[in-house]
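Text of the file input.tsv, holding TSV, C-alpha atoms:
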```
chain	number	residue	atom	x	y	z
A	1	MET	CA	-109.95	23.11	25.83
A	2	THR	CA	-108.29	24.78	22.88
A	3	ASP	CA	-104.71	25.11	21.86
A	4	ALA	CA	-105.32	28.47	20.24
A	5	ARG	CA	-103.57	30.25	23.10
A	6	ASP	CA	-100.52	27.97	23.05
A	7	PHE	CA	-97.17	29.57	22.38
A	8	GLU	CA	-94.57	28.14	20.07
A	9	PRO	CA	-91.85	26.45	22.12
A	10	PRO	CA	-88.48	28.17	21.97
A	11	PRO	CA	-85.93	26.75	19.58
A	12	PRO	CA	-83.52	24.25	21.15
A	13	ALA	CA	-80.59	25.95	22.80
A	14	ALA	CA	-77.24	25.55	21.12
A	15	THR	CA	-75.04	23.11	22.99
A	16	ARG	CA	-71.36	23.73	23.47
A	17	PRO	CA	-69.63	20.70	22.00
A	18	ALA	CA	-67.13	18.71	23.97
A	19	ASP	CA	-63.77	20.45	24.23
A	20	GLU	CA	-62.25	17.09	23.29
A	21	LEU	CA	-63.76	17.41	19.81
A	22	GLN	CA	-61.87	20.66	19.25
A	23	ILE	CA	-58.68	19.25	20.78
A	24	GLY	CA	-58.73	16.20	18.52
A	25	TYR	CA	-59.36	18.38	15.46
A	26	ASP	CA	-56.59	20.86	16.32
A	27	LEU	CA	-53.95	18.20	17.04
A	28	GLU	CA	-54.76	16.39	13.80
A	29	ASN	CA	-54.64	19.69	11.90
A	30	VAL	CA	-51.09	20.37	13.11
A	31	TYR	CA	-50.11	16.77	12.39
A	32	CYS	CA	-51.43	17.09	8.83
A	33	ALA	CA	-49.41	20.26	8.31
A	34	TYR	CA	-46.24	18.18	8.73
A	35	ALA	CA	-47.32	14.75	7.49
A	36	GLU	CA	-49.47	15.59	4.45
A	37	TRP	CA	-48.73	17.29	1.13
A	38	LEU	CA	-51.03	20.30	1.42
A	39	VAL	CA	-48.55	22.70	3.02
A	40	ILE	CA	-45.73	21.61	0.69
A	41	ILE	CA	-47.83	22.16	-2.42
A	42	THR	CA	-49.20	25.53	-1.28
A	43	ARG	CA	-45.72	26.67	-0.12
A	44	GLY	CA	-46.67	27.24	3.50
A	45	PHE	CA	-49.45	29.10	5.27
A	46	PRO	CA	-50.54	32.66	4.48
A	47	ASP	CA	-49.93	35.05	7.37
A	48	PHE	CA	-53.59	35.45	8.38
A	49	LEU	CA	-54.01	31.67	8.62
A	50	LEU	CA	-50.84	31.31	10.67
A	51	GLU	CA	-52.22	33.87	13.14
A	52	ASP	CA	-55.46	31.91	13.43
A	53	VAL	CA	-53.66	28.61	13.93
A	54	HIS	CA	-51.47	30.14	16.65
A	55	ASP	CA	-54.56	31.48	18.42
A	56	VAL	CA	-56.57	28.28	18.33
A	57	CYS	CA	-53.59	26.13	19.27
A	58	GLY	CA	-52.97	28.39	22.26
A	59	TRP	CA	-56.49	27.44	23.37
A	60	THR	CA	-55.70	23.77	22.69
A	61	ALA	CA	-52.49	23.92	24.73
A	62	ASP	CA	-54.42	25.35	27.68
A	63	ARG	CA	-56.97	22.54	27.52
A	64	ILE	CA	-54.26	19.87	27.27
A	65	ARG	CA	-52.57	21.24	30.38
A	66	GLU	CA	-55.91	21.00	32.20
A	67	LEU	CA	-55.94	17.29	31.35
A	68	GLY	CA	-52.73	16.88	33.36
A	69	VAL	CA	-50.41	16.24	30.41
A	70	ASP	CA	-46.72	16.85	31.18
A	71	PRO	CA	-46.18	20.63	30.72
A	72	ALA	CA	-42.89	19.97	28.91
A	73	VAL	CA	-44.80	17.96	26.30
A	74	VAL	CA	-47.31	20.79	25.87
A	75	ASP	CA	-44.45	23.27	25.58
A	76	ARG	CA	-43.03	21.19	22.74
A	77	PHE	CA	-46.44	21.26	21.05
A	78	GLU	CA	-46.37	25.07	21.19
A	79	GLU	CA	-42.89	25.03	19.66
A	80	ILE	CA	-44.10	22.80	16.83
A	81	VAL	CA	-46.98	25.20	16.16
A	82	ALA	CA	-44.54	28.13	16.22
A	83	GLU	CA	-42.46	26.35	13.56
A	84	LEU	CA	-45.35	26.10	11.08
A	85	PRO	CA	-44.01	27.60	7.84
A	86	GLY	CA	-45.37	30.79	6.33
A	87	HIS	CA	-45.06	31.77	2.70
A	88	HIS	CA	-42.05	34.02	3.29
A	89	GLU	CA	-39.77	31.51	5.03
A	90	PHE	CA	-40.93	28.37	3.25
A	91	VAL	CA	-38.13	26.39	1.63
A	92	ARG	CA	-38.18	26.14	-2.12
A	93	SER	CA	-36.40	22.80	-2.40
A	94	PHE	CA	-37.34	19.63	-0.58
A	95	GLY	CA	-34.05	17.96	0.27
A	96	GLN	CA	-33.80	14.67	2.13
A	97	ASP	CA	-32.77	16.36	5.40
A	98	TRP	CA	-35.78	18.67	5.26
A	99	LEU	CA	-38.19	15.80	4.56
A	100	GLU	CA	-36.67	13.73	7.37
A	101	ALA	CA	-37.09	16.65	9.79
A	102	ARG	CA	-40.76	16.90	8.86
A	103	ALA	CA	-41.14	13.15	9.42
A	104	ARG	CA	-39.62	13.49	12.92
A	105	VAL	CA	-42.07	16.25	13.84
A	106	SER	CA	-44.95	14.17	12.45
A	107	ALA	CA	-43.89	11.31	14.72
A	108	GLU	CA	-43.76	13.70	17.70
A	109	MET	CA	-47.30	14.84	16.94
A	110	GLU	CA	-48.49	11.22	16.77
A	111	ASP	CA	-46.92	10.58	20.18
A	112	LEU	CA	-48.59	13.72	21.56
A	113	GLN	CA	-51.97	12.59	20.24
A	114	ARG	CA	-51.55	9.25	22.02
A	115	VAL	CA	-50.58	10.95	25.28
A	116	VAL	CA	-53.55	13.34	25.13
A	117	ARG	CA	-55.99	10.58	24.19
A	118	ALA	CA	-54.81	8.51	27.17
A	119	ALA	CA	-55.54	11.47	29.49
A	120	ILE	CA	-59.18	11.88	28.37
A	121	ASP	CA	-62.07	10.43	30.37
A	122	ALA	CA	-63.84	7.48	28.72
A	123	HIS	CA	-67.13	9.42	28.49
A	124	ARG	CA	-65.43	12.03	26.32
A	125	LEU	CA	-62.99	9.89	24.37
A	126	GLN	CA	-65.15	9.31	21.32
A	127	TYR	CA	-65.51	13.07	20.78
A	128	PHE	CA	-61.73	13.42	20.56
A	129	ASP	CA	-61.79	10.67	17.91
A	130	TYR	CA	-64.64	12.42	16.07
A	131	GLY	CA	-62.54	15.59	15.90
A	132	VAL	CA	-59.55	13.72	14.48
A	133	MET	CA	-61.63	12.05	11.76
A	134	LEU	CA	-63.53	15.23	10.89
A	135	CYS	CA	-60.19	16.97	10.34
A	136	ARG	CA	-58.95	14.15	8.11
A	137	ILE	CA	-62.11	14.20	6.03
A	138	GLN	CA	-61.88	17.96	5.54
A	139	MET	CA	-58.17	17.67	4.69
A	140	CYS	CA	-58.93	15.06	1.99
A	141	VAL	CA	-61.64	17.25	0.50
A	142	ARG	CA	-59.23	20.21	0.34
A	143	MET	CA	-56.57	18.10	-1.35
A	144	ILE	CA	-59.01	16.77	-3.96
A	145	HIS	CA	-60.25	20.31	-4.66
A	146	LEU	CA	-56.74	21.74	-5.16
A	147	ASN	CA	-56.18	23.93	-8.17
A	148	PRO	CA	-54.52	21.67	-10.80
A	149	THR	CA	-51.82	24.29	-11.43
A	150	LEU	CA	-50.58	23.84	-7.86
A	151	LEU	CA	-49.83	20.20	-8.56
A	152	GLU	CA	-47.38	20.76	-11.42
A	153	ASP	CA	-44.24	20.85	-9.24
A	154	ILE	CA	-45.12	17.60	-7.54
A	155	ALA	CA	-46.59	15.63	-10.45
A	156	ASP	CA	-43.37	13.70	-11.04
A	157	VAL	CA	-43.20	12.66	-7.38
A	158	ILE	CA	-46.86	11.75	-6.86
A	159	PRO	CA	-48.68	11.64	-10.20
A	160	ASP	CA	-51.90	10.28	-8.68
A	161	LEU	CA	-52.29	12.66	-5.76
A	162	LYS	CA	-56.05	13.04	-6.10
A	163	GLN	CA	-56.55	9.30	-6.29
A	164	LEU	CA	-54.37	8.90	-3.21
A	165	TYR	CA	-56.49	11.30	-1.18
A	166	HIS	CA	-59.75	9.92	-2.53
A	167	ALA	CA	-58.73	6.54	-1.15
A	168	GLU	CA	-57.92	8.17	2.19
A	169	LEU	CA	-61.29	9.96	2.13
A	170	MET	CA	-63.06	6.61	1.66
A	171	ARG	CA	-61.09	5.16	4.57
A	172	ALA	CA	-61.72	8.14	6.87
A	173	THR	CA	-65.46	8.24	6.19
A	174	ALA	CA	-65.72	4.49	6.82
A	175	VAL	CA	-63.86	4.86	10.13
A	176	LEU	CA	-66.16	7.71	11.22
A	177	GLN	CA	-69.24	5.64	10.35
A	178	THR	CA	-67.93	2.78	12.49
A	179	MET	CA	-67.12	5.12	15.39
A	180	VAL	CA	-70.59	6.67	15.41
A	181	ALA	CA	-72.35	3.29	15.20
A	182	TYR	CA	-70.16	1.65	17.87
A	183	GLU	CA	-71.91	0.91	21.17
A	184	SER	CA	-70.00	-0.41	24.16
A	185	PRO	CA	-70.06	0.09	27.94
A	186	THR	CA	-66.30	0.65	27.76
A	187	LEU	CA	-66.88	3.70	25.55
A	188	PRO	CA	-70.04	5.29	27.01
A	189	ARG	CA	-71.69	8.32	25.50
A	190	ASP	CA	-72.04	11.57	27.40
A	191	PRO	CA	-75.78	12.35	27.86
A	192	ALA	CA	-74.94	16.07	27.82
A	193	GLN	CA	-73.72	15.67	24.22
A	194	HIS	CA	-76.95	14.18	22.79
A	195	HIS	CA	-77.18	17.03	20.27
A	196	LEU	CA	-73.61	16.31	19.15
A	197	ASP	CA	-74.31	12.59	18.81
A	198	GLN	CA	-77.40	13.30	16.71
A	199	ALA	CA	-75.49	15.60	14.37
A	200	PHE	CA	-72.80	13.00	13.70
A	201	ALA	CA	-75.41	10.25	13.30
A	202	ALA	CA	-77.20	12.31	10.65
A	203	PHE	CA	-73.93	12.95	8.81
A	204	THR	CA	-72.95	9.27	8.78
A	205	ASP	CA	-76.46	8.38	7.53
A	206	TYR	CA	-75.68	10.65	4.57
A	207	LEU	CA	-72.25	9.03	4.16
A	208	ALA	CA	-73.84	5.57	3.95
A	209	VAL	CA	-75.77	6.71	0.88
A	210	TRP	CA	-72.85	8.71	-0.54
A	211	ARG	CA	-70.47	5.75	-0.34
A	212	THR	CA	-72.83	3.44	-2.24
A	213	GLY	CA	-73.02	5.92	-5.13
A	214	GLU	CA	-70.20	7.50	-7.09
A	215	ALA	CA	-68.62	8.80	-3.87
A	216	ARG	CA	-67.30	11.93	-5.55
A	217	VAL	CA	-66.36	15.15	-3.81
A	218	THR	CA	-69.27	17.30	-4.87
A	219	ASP	CA	-70.95	20.45	-3.59
A	220	ASP	CA	-73.48	18.13	-1.94
A	221	LEU	CA	-70.80	16.47	0.22
A	222	CYS	CA	-69.27	19.85	1.08
A	223	GLY	CA	-72.74	21.13	1.99
A	224	HIS	CA	-73.31	18.26	4.40
A	225	LEU	CA	-69.88	18.85	5.96
A	226	LYS	CA	-70.79	22.49	6.46
A	227	GLU	CA	-74.15	21.51	7.98
A	228	LEU	CA	-72.36	19.19	10.41
A	229	THR	CA	-69.87	21.82	11.57
A	230	GLU	CA	-72.68	24.36	12.03
A	231	ALA	CA	-74.94	21.89	13.85
A	232	ILE	CA	-72.27	21.01	16.41
A	233	GLY	CA	-71.24	24.62	17.00
A	234	PHE	CA	-67.82	23.97	15.50
A	235	ARG	CA	-65.49	26.84	14.66
A	236	ARG	CA	-66.38	28.59	11.47
A	237	LYS	CA	-63.74	29.71	9.02
A	238	ASP	CA	-64.41	33.46	9.25
A	239	ARG	CA	-61.50	34.18	11.56
A	240	PHE	CA	-62.52	31.29	13.83
A	241	LYS	CA	-65.51	32.95	15.45
A	242	GLN	CA	-66.33	31.28	18.72
A	243	ASP	CA	-70.15	31.33	18.78
A	244	MET	CA	-70.98	28.63	21.33
A	245	THR	CA	-67.74	26.73	20.97
A	246	TRP	CA	-65.33	28.28	23.46
A	247	ILE	CA	-67.62	29.43	26.25
A	248	ARG	CA	-65.06	28.75	28.98
A	249	HIS	CA	-62.14	30.26	27.12
A	250	PRO	CA	-61.83	33.97	26.41
A	251	LYS	CA	-61.93	35.07	22.81
A	252	PRO	CA	-58.46	35.10	21.25
A	253	LEU	CA	-56.82	38.46	21.80
A	254	THR	CA	-56.41	40.85	18.94
A	255	GLU	CA	-52.86	41.36	17.71
A	256	GLU	CA	-52.70	44.76	19.44
A	257	GLU	CA	-53.69	43.25	22.78
A	258	ARG	CA	-51.59	40.11	22.45
A	259	THR	CA	-48.40	41.94	21.51
A	260	PRO	CA	-48.70	45.49	22.82
A	261	LEU	CA	-47.42	48.22	20.57
A	262	PRO	CA	-43.92	48.98	21.83
A	263	VAL	CA	-43.32	52.25	23.60
A	264	PRO	CA	-40.75	54.14	21.51
A	265	HIS	CA	-37.53	54.53	23.42
A	266	SER	CA	-33.81	54.73	22.79
A	267	SER	CA	-31.08	52.36	23.93
A	268	ASP	CA	-29.85	55.19	26.17
A	269	ASP	CA	-33.25	55.30	27.90
A	270	ARG	CA	-33.03	51.59	28.62
A	271	ASP	CA	-29.41	51.79	29.77
A	272	ARG	CA	-30.20	54.61	32.21
A	273	LEU	CA	-33.11	52.66	33.72
A	274	GLU	CA	-31.02	49.50	33.99
A	275	SER	CA	-28.21	51.45	35.68
A	276	PHE	CA	-30.67	52.94	38.17
A	277	TRP	CA	-32.05	49.43	38.82
A	278	LYS	CA	-28.58	48.17	39.76
A	279	GLN	CA	-27.97	51.18	42.04
A	280	THR	CA	-31.34	50.72	43.72
A	281	LYS	CA	-30.66	47.05	44.50
A	282	GLN	CA	-27.64	48.17	46.47
A	283	THR	CA	-30.01	50.09	48.76
A	284	ALA	CA	-31.59	46.80	49.85
A	285	VAL	CA	-28.16	45.27	50.37
A	286	ASP	CA	-27.36	48.17	52.73
A	287	GLY	CA	-30.41	47.25	54.83
A	288	ASP	CA	-32.88	50.04	54.00
A	289	VAL	CA	-35.67	47.81	52.62
A	290	GLU	CA	-38.47	50.40	52.97
A	291	GLY	CA	-36.33	52.96	51.15
A	292	TYR	CA	-35.60	50.32	48.54
A	293	LEU	CA	-39.32	49.66	48.01
A	294	GLU	CA	-40.01	53.37	47.55
A	295	LEU	CA	-37.27	53.67	44.94
A	296	MET	CA	-38.36	50.46	43.19
A	297	SER	CA	-41.95	51.71	43.02
A	298	ARG	CA	-40.77	54.84	41.20
A	299	LEU	CA	-38.46	52.81	38.95
A	300	LEU	CA	-41.25	50.38	38.04
A	301	GLU	CA	-43.52	53.28	37.12
A	302	ALA	CA	-40.76	54.81	34.99
A	303	CYS	CA	-40.08	51.50	33.21
A	304	ARG	CA	-43.75	51.06	32.41
A	305	SER	CA	-43.94	54.57	31.05
A	306	VAL	CA	-40.67	54.63	29.10
A	307	LEU	CA	-40.24	50.99	28.00
A	308	GLY	CA	-43.76	49.61	28.18
A	309	PRO	CA	-45.58	47.34	30.67
A	310	VAL	CA	-44.24	44.03	29.32
A	311	HIS	CA	-40.72	45.02	28.35
A	312	PRO	CA	-38.26	42.46	29.82
A	313	LEU	CA	-36.56	45.08	32.02
A	314	THR	CA	-39.95	46.22	33.35
A	315	LEU	CA	-40.85	42.65	34.32
A	316	HIS	CA	-37.44	41.99	35.93
A	317	VAL	CA	-37.82	45.18	37.99
A	318	HIS	CA	-41.30	44.02	39.00
A	319	VAL	CA	-39.86	40.71	40.23
A	320	ASP	CA	-37.38	42.50	42.49
A	321	PHE	CA	-40.12	44.86	43.68
A	322	ALA	CA	-42.23	41.82	44.64
A	323	ALA	CA	-39.30	40.23	46.47
A	324	GLY	CA	-38.89	43.41	48.51
A	325	HIS	CA	-42.45	43.02	49.81
A	326	SER	CA	-41.57	39.56	51.07
A	327	ALA	CA	-38.58	40.98	52.92
A	328	VAL	CA	-40.85	43.24	55.02
A	329	GLY	CA	-43.38	40.51	55.79
A	330	ARG	CA	-45.90	41.13	53.00
A	331	THR	CA	-45.47	37.59	51.71
A	332	VAL	CA	-48.93	37.11	50.22
A	333	ALA	CA	-48.59	40.28	48.14
A	334	ALA	CA	-45.14	39.15	47.01
A	335	ILE	CA	-46.41	35.72	45.92
A	336	LEU	CA	-49.31	37.22	43.98
A	337	MET	CA	-47.02	39.66	42.16
A	338	LEU	CA	-44.43	37.00	41.34
A	339	HIS	CA	-47.13	34.71	39.95
A	340	ASP	CA	-48.57	37.57	37.91
A	341	VAL	CA	-45.19	38.57	36.44
A	342	ALA	CA	-44.39	34.98	35.47
A	343	SER	CA	-47.82	34.59	33.84
A	344	THR	CA	-47.33	37.85	31.95
A	345	ALA	CA	-43.99	36.63	30.57
A	346	LEU	CA	-45.53	33.35	29.46
A	347	HIS	CA	-48.41	35.20	27.80
A	348	TYR	CA	-46.38	37.73	25.83
A	349	TYR	CA	-43.18	35.85	25.05
A	350	GLY	CA	-43.18	32.73	22.90
A	351	PRO	CA	-41.15	29.51	23.24
A	352	TYR	CA	-38.27	30.89	21.12
A	353	GLN	CA	-37.80	34.11	23.10
A	354	PRO	CA	-35.16	34.13	25.89
A	355	ALA	CA	-37.17	36.65	27.95
A	356	ARG	CA	-39.86	34.00	28.50
A	357	TYR	CA	-37.44	31.82	30.43
A	358	LEU	CA	-35.22	34.46	32.06
A	359	ILE	CA	-38.17	36.27	33.64
A	360	ALA	CA	-39.73	32.98	34.75
A	361	ALA	CA	-36.40	31.91	36.28
A	362	HIS	CA	-36.07	35.25	38.09
A	363	ALA	CA	-39.55	34.82	39.64
A	364	HIS	CA	-38.77	31.16	40.39
A	365	SER	CA	-35.68	32.13	42.41
A	366	TYR	CA	-37.84	34.04	44.94
A	367	LEU	CA	-40.81	31.67	44.86
A	368	THR	CA	-38.56	28.85	46.08
A	369	LEU	CA	-38.29	30.82	49.35
A	370	VAL	CA	-41.93	31.80	49.85
A	371	ALA	CA	-44.08	29.40	47.79
A	372	PRO	CA	-42.24	26.16	46.95
A	373	ASP	CA	-45.30	24.61	45.26
A	374	LEU	CA	-45.61	27.54	42.86
A	375	ALA	CA	-41.86	27.44	42.25
A	376	GLU	CA	-42.08	23.75	41.36
A	377	SER	CA	-44.96	24.46	38.99
A	378	LEU	CA	-42.95	27.21	37.30
A	379	TYR	CA	-40.00	24.87	36.94
A	380	ASP	CA	-42.20	22.20	35.34
A	381	PHE	CA	-43.42	24.82	32.88
A	382	PRO	CA	-41.61	26.45	31.18
A	383	LEU	CA	-38.12	26.06	32.70
A	384	LYS	CA	-37.86	22.29	32.53
A	385	SER	CA	-38.31	22.18	28.78
A	386	LEU	CA	-35.33	24.55	28.42
A	387	VAL	CA	-32.79	23.49	31.05
A	388	GLU	CA	-33.26	19.72	30.76
A	389	ARG	CA	-32.87	19.60	26.99
A	390	GLU	CA	-29.52	19.40	25.26
A	391	GLU	CA	-28.28	22.74	24.01
A	392	ALA	CA	-27.82	21.33	20.51
A	393	ASP	CA	-31.55	20.57	20.37
A	394	LEU	CA	-32.48	24.22	21.02
A	395	PRO	CA	-32.46	27.27	18.74
A	396	SER	CA	-29.23	29.25	19.08
A	397	ALA	CA	-31.20	32.22	20.46
A	398	LEU	CA	-31.93	30.20	23.62
A	399	HIS	CA	-28.41	28.88	24.27
A	400	GLN	CA	-27.23	31.73	26.51
A	401	ALA	CA	-30.51	31.81	28.45
A	402	ARG	CA	-30.19	28.06	29.09
A	403	ARG	CA	-26.61	28.47	30.37
A	404	THR	CA	-27.56	31.40	32.63
A	405	ILE	CA	-30.54	29.63	34.16
A	406	ARG	CA	-28.76	26.29	34.63
A	407	LYS	CA	-25.96	28.12	36.46
A	408	SER	CA	-28.45	29.95	38.70
A	409	LEU	CA	-30.12	26.63	39.54
A	410	GLY	CA	-26.80	25.03	40.43
A	411	MET	CA	-27.03	22.59	37.53
A	412	ASP	CA	-23.70	23.69	36.05
A	413	ALA	CA	-20.46	24.81	37.65
A	414	SER	CA	-19.90	28.55	38.01
```
Written as structure tokens, how would this file's structure read?
Amino acid sequence: MTDARDFEPPPPAATRPADELQIGYDLENVYCAYAEWLVIITRGFPDFLLEDVHDVCGWTADRIRELGVDPAVVDRFEEIVAELPGHHEFVRSFGQDWLEARARVSAEMEDLQRVVRAAIDAHRLQYFDYGVMLCRIQMCVRMIHLNPTLLEDIADVIPDLKQLYHAELMRATAVLQTMVAYESPTLPRDPAQHHLDQAFAAFTDYLAVWRTGEARVTDDLCGHLKELTEAIGFRRKDRFKQDMTWIRHPKPLTEEERTPLPVPHSSDDRDRLESFWKQTKQTAVDGDVEGYLELMSRLLEACRSVLGPVHPLTLHVHVDFAAGHSAVGRTVAAILMLHDVASTALHYYGPYQPARYLIAAHAHSYLTLVAPDLAESLYDFPLKSLVEREEADLPSALHQARRTIRKSLGMDAS
């Protein structure tokens, strides 16, 4: 026999790393933005980086919800991400109140990390921890590599910043080495993540040699970090390309898709459509439901054309249109539409926008009649995080929405 006709085996297929690795990394990254000095020294995030962080943390929030974490807690995480400072709004003086506020958010992020970690299956827990430590190591490397001119404003406060982060780098690398070497039946490895385990084992083998030498942040260390992130399929820095990382999650939407370009219209256009909406609702009150549905169909088409498909008035009209279907016995169609409208509002309106909650509350009011389970789910997220918090703890833009929704739910007197 001869092996001359043998074919080369195919290269090993890339393995999608555990989602928990990404979750741990992302949560630690947000924590570091509030607890560490990097964002203070660099005066906030540039706009393109803020966009990327918002995208990836949207993915993280989805995964955390799938773990069964309280939706109100996840909603707060999204608010914290939304509050990440950009260059334009970053404060120029670091007063005691501002520093204390950052410390409170840091503590919230620590609590969130503990809650998420407790929700993760034991077979996947170590990958969450790997993600946390990988983020810390990369953060320390960035701090040590900072341009010296950026440190001038803070030199009087922390004159030995690089030494501080070098000590943290030594601690973080030692912790990661211990994690990778640890074997216990209470923390079993996932056989499907053998490739991931091998990549981290190879990196900690390098760290064992690096730590016994000068342990300096050199191009060699950065090269091994890059090799690790590439070997495990981790997000790359070029606009967070997915590669094999987010197979189950759709690629983050482009800005044009995520926030549709508004349809140009005047306030008079909107007022006319809103007036027609109020007149049309009277048709249903008079008992002509089929006539009401015909008028609402035309109004919905006009709103989509004049105002845009996700304008708040368009979505409110769609809710009433869905409710009309329930009134004539087409309950399944009504439920599907109400669920779709609520999901659309959550997708396009962030945690600081009143429309997010007002549209969800409008859909919730009808779902309580036809799909109580869905109504309860919609209350848990996002309504609960608005109506059960004190008004003083919310941005002023949400105060009126909170009052309106609490009154509609019977939580406050008319």
_From A:Arg298, A:Pro382, A:Arg189, A:Val115, residue lying nearest Ala345 (chain A) [all atoms listed in the file]_ =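 Residue with the minimum atom-to-atom distance to Ala345 (chain A): A:Pro382.
Atom pair CA of Tyr379 (chain A) / CA of Pro71 (chain A) has a distance of 9.7 Å (rounded to one decimal).
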_Which residue is closest to Gln193 (chain A)? Choose from A:Leu21, A:Val73, A:Val56, A:Leu221 and count only C-alpha atoms._
A:Leu21
The residues within 12 Å of (-40.0, 33.8, 21.2), using only C-alpha atoms and the coordinates of the file, should be reported as a compact mmCIF listing (two decimals) with C-alpha atoms, keeping the file's coordinate frame; which are they?
```
# COMPACT_ATOMS: atom_id res chain seq x y z
CA GLU A 78 -46.37 25.07 21.19
CA GLU A 79 -42.89 25.03 19.66
CA ALA A 82 -44.54 28.13 16.22
CA GLU A 83 -42.46 26.35 13.56
CA THR A 259 -48.40 41.94 21.51
CA ALA A 345 -43.99 36.63 30.57
CA LEU A 346 -45.53 33.35 29.46
CA HIS A 347 -48.41 35.20 27.80
CA TYR A 348 -46.38 37.73 25.83
CA TYR A 349 -43.18 35.85 25.05
CA GLY A 350 -43.18 32.73 22.90
CA PRO A 351 -41.15 29.51 23.24
CA TYR A 352 -38.27 30.89 21.12
CA GLN A 353 -37.80 34.11 23.10
CA PRO A 354 -35.16 34.13 25.89
CA ALA A 355 -37.17 36.65 27.95
CA ARG A 356 -39.86 34.00 28.50
CA TYR A 357 -37.44 31.82 30.43
CA LEU A 358 -35.22 34.46 32.06
CA PRO A 395 -32.46 27.27 18.74
CA SER A 396 -29.23 29.25 19.08
CA ALA A 397 -31.20 32.22 20.46
CA LEU A 398 -31.93 30.20 23.62
```
*Which is closer to Ser106 (chain A) than all the others in A:Val209, A:Val81, A:Leu293, A:Leu146, using all atoms listed in the file?*
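Closest to Ser106 (chain A), using all atoms listed in the file: A:Val81.
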*Contact residues around region 329-333 of chain A with only C-alpha atoms at 12 Å, ignoring same-chain residues under 4 positions, as a PyMOL selection string*: chain A and resi 289-290+293+319+321-325+337-340+366-367+369-371
*Do you know which residues are at most 7 Å from His123 (chain A) counting all atoms listed in the file, after dropping those on the same chain fewer than 4 positions away, and could you put them as number ranges by chain?*
A: 187-190
*Name the closest residue to Gly131 (chain A) among the candidates A:Arg403, A:His224, A:His265, A:Arg117; distances are taken between atoms, counting all atoms listed in the file.*
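Between A:Arg403, A:His224, A:His265, A:Arg117, the residue approaching Gly131 (chain A) most closely is A:Arg117.
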Shell of 6 Å around Ile137 (chain A), all atoms listed in the file, local chain residues under 3 positions omitted, as a compact mmCIF listing (two decimals) with C-alpha atoms, in the coordinates of the input:
```txt
# COMPACT_ATOMS: atom_id res chain seq x y z
CA LEU A 134 -63.53 15.23 10.89
CA CYS A 140 -58.93 15.06 1.99
CA LEU A 169 -61.29 9.96 2.13
```
*Which value, in Å to one decimal, gives the distance between CA of Ala363 (chain A) and CA of Gln400 (chain A)?*
18.3 Å
*Identify, on the basis of only C-alpha atoms, every residue whose closest approach to Val306 (chain A) does not exceed 12 Å; exclude the query and any residue fewer than 2 positions from it along the same chain; express the result as a list of chain:residue names.*
A:Pro262, A:Val263, A:Pro264, A:His265, A:Ser266, A:Ser267, A:Asp268, A:Asp269, A:Arg270, A:Asp271, A:Arg272, A:Leu273, A:Glu274, A:Leu299, A:Leu300, A:Glu301, A:Ala302, A:Cys303, A:Arg304, A:Gly308, A:Pro309, A:Val310, A:His311, A:Leu313, A:Thr314
Give me a file of those residues, with C-alpha atoms, as an mmCIF file, keeping the file's coordinate frame.
```cif
data_model
loop_
_atom_site.group_PDB
_atom_site.id
_atom_site.type_symbol
_atom_site.label_atom_id
_atom_site.label_comp_id
_atom_site.auth_asym_id
_atom_site.auth_seq_id
_atom_site.Cartn_x
_atom_site.Cartn_y
_atom_site.Cartn_z
ATOM 1 C CA PRO A 262 -43.920 48.980 21.830
ATOM 2 C CA VAL A 263 -43.320 52.250 23.600
ATOM 3 C CA PRO A 264 -40.750 54.140 21.510
ATOM 4 C CA HIS A 265 -37.530 54.530 23.420
ATOM 5 C CA SER A 266 -33.810 54.730 22.790
ATOM 6 C CA SER A 267 -31.080 52.360 23.930
ATOM 7 C CA ASP A 268 -29.850 55.190 26.170
ATOM 8 C CA ASP A 269 -33.250 55.300 27.900
ATOM 9 C CA ARG A 270 -33.030 51.590 28.620
ATOM 10 C CA ASP A 271 -29.410 51.790 29.770
ATOM 11 C CA ARG A 272 -30.200 54.610 32.210
ATOM 12 C CA LEU A 273 -33.110 52.660 33.720
ATOM 13 C CA GLU A 274 -31.020 49.500 33.990
ATOM 14 C CA LEU A 299 -38.460 52.810 38.950
ATOM 15 C CA LEU A 300 -41.250 50.380 38.040
ATOM 16 C CA GLU A 301 -43.520 53.280 37.120
ATOM 17 C CA ALA A 302 -40.760 54.810 34.990
ATOM 18 C CA CYS A 303 -40.080 51.500 33.210
ATOM 19 C CA ARG A 304 -43.750 51.060 32.410
ATOM 20 C CA GLY A 308 -43.760 49.610 28.180
ATOM 21 C CA PRO A 309 -45.580 47.340 30.670
ATOM 22 C CA VAL A 310 -44.240 44.030 29.320
ATOM 23 C CA HIS A 311 -40.720 45.020 28.350
ATOM 24 C CA LEU A 313 -36.560 45.080 32.020
ATOM 25 C CA THR A 314 -39.950 46.220 33.350
#
```
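Using all atoms listed in the file for every distance, the candidate list A:Val217, A:Val132, A:Leu125, A:Ile359 yields A:Val217 as the residue closest to Ala167 (chain A).
Taking CA of Arg136 (chain A) as the reference point, CA of Asp55 (chain A) is found at 20.6 Å.
Ranking A:Ala392, A:Ala361, A:Met143, A:Ala18 by their shortest atom-to-atom distance to Ser408 (chain A), with only C-alpha atoms included, puts A:Ala361 first.
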*For region 31-38 of chain A, list every protein, DNA or RNA residue within 10 Å, evaluated using only C-alpha atoms, and leave out those in the same chain fewer than 5 positions away; present the list as number ranges by chain.*
A: 25-26, 43-45, 80-81, 84-85, 99, 101-110, 112-113, 135-136, 139-140, 142-143, 146, 150, 154, 158, 161, 165
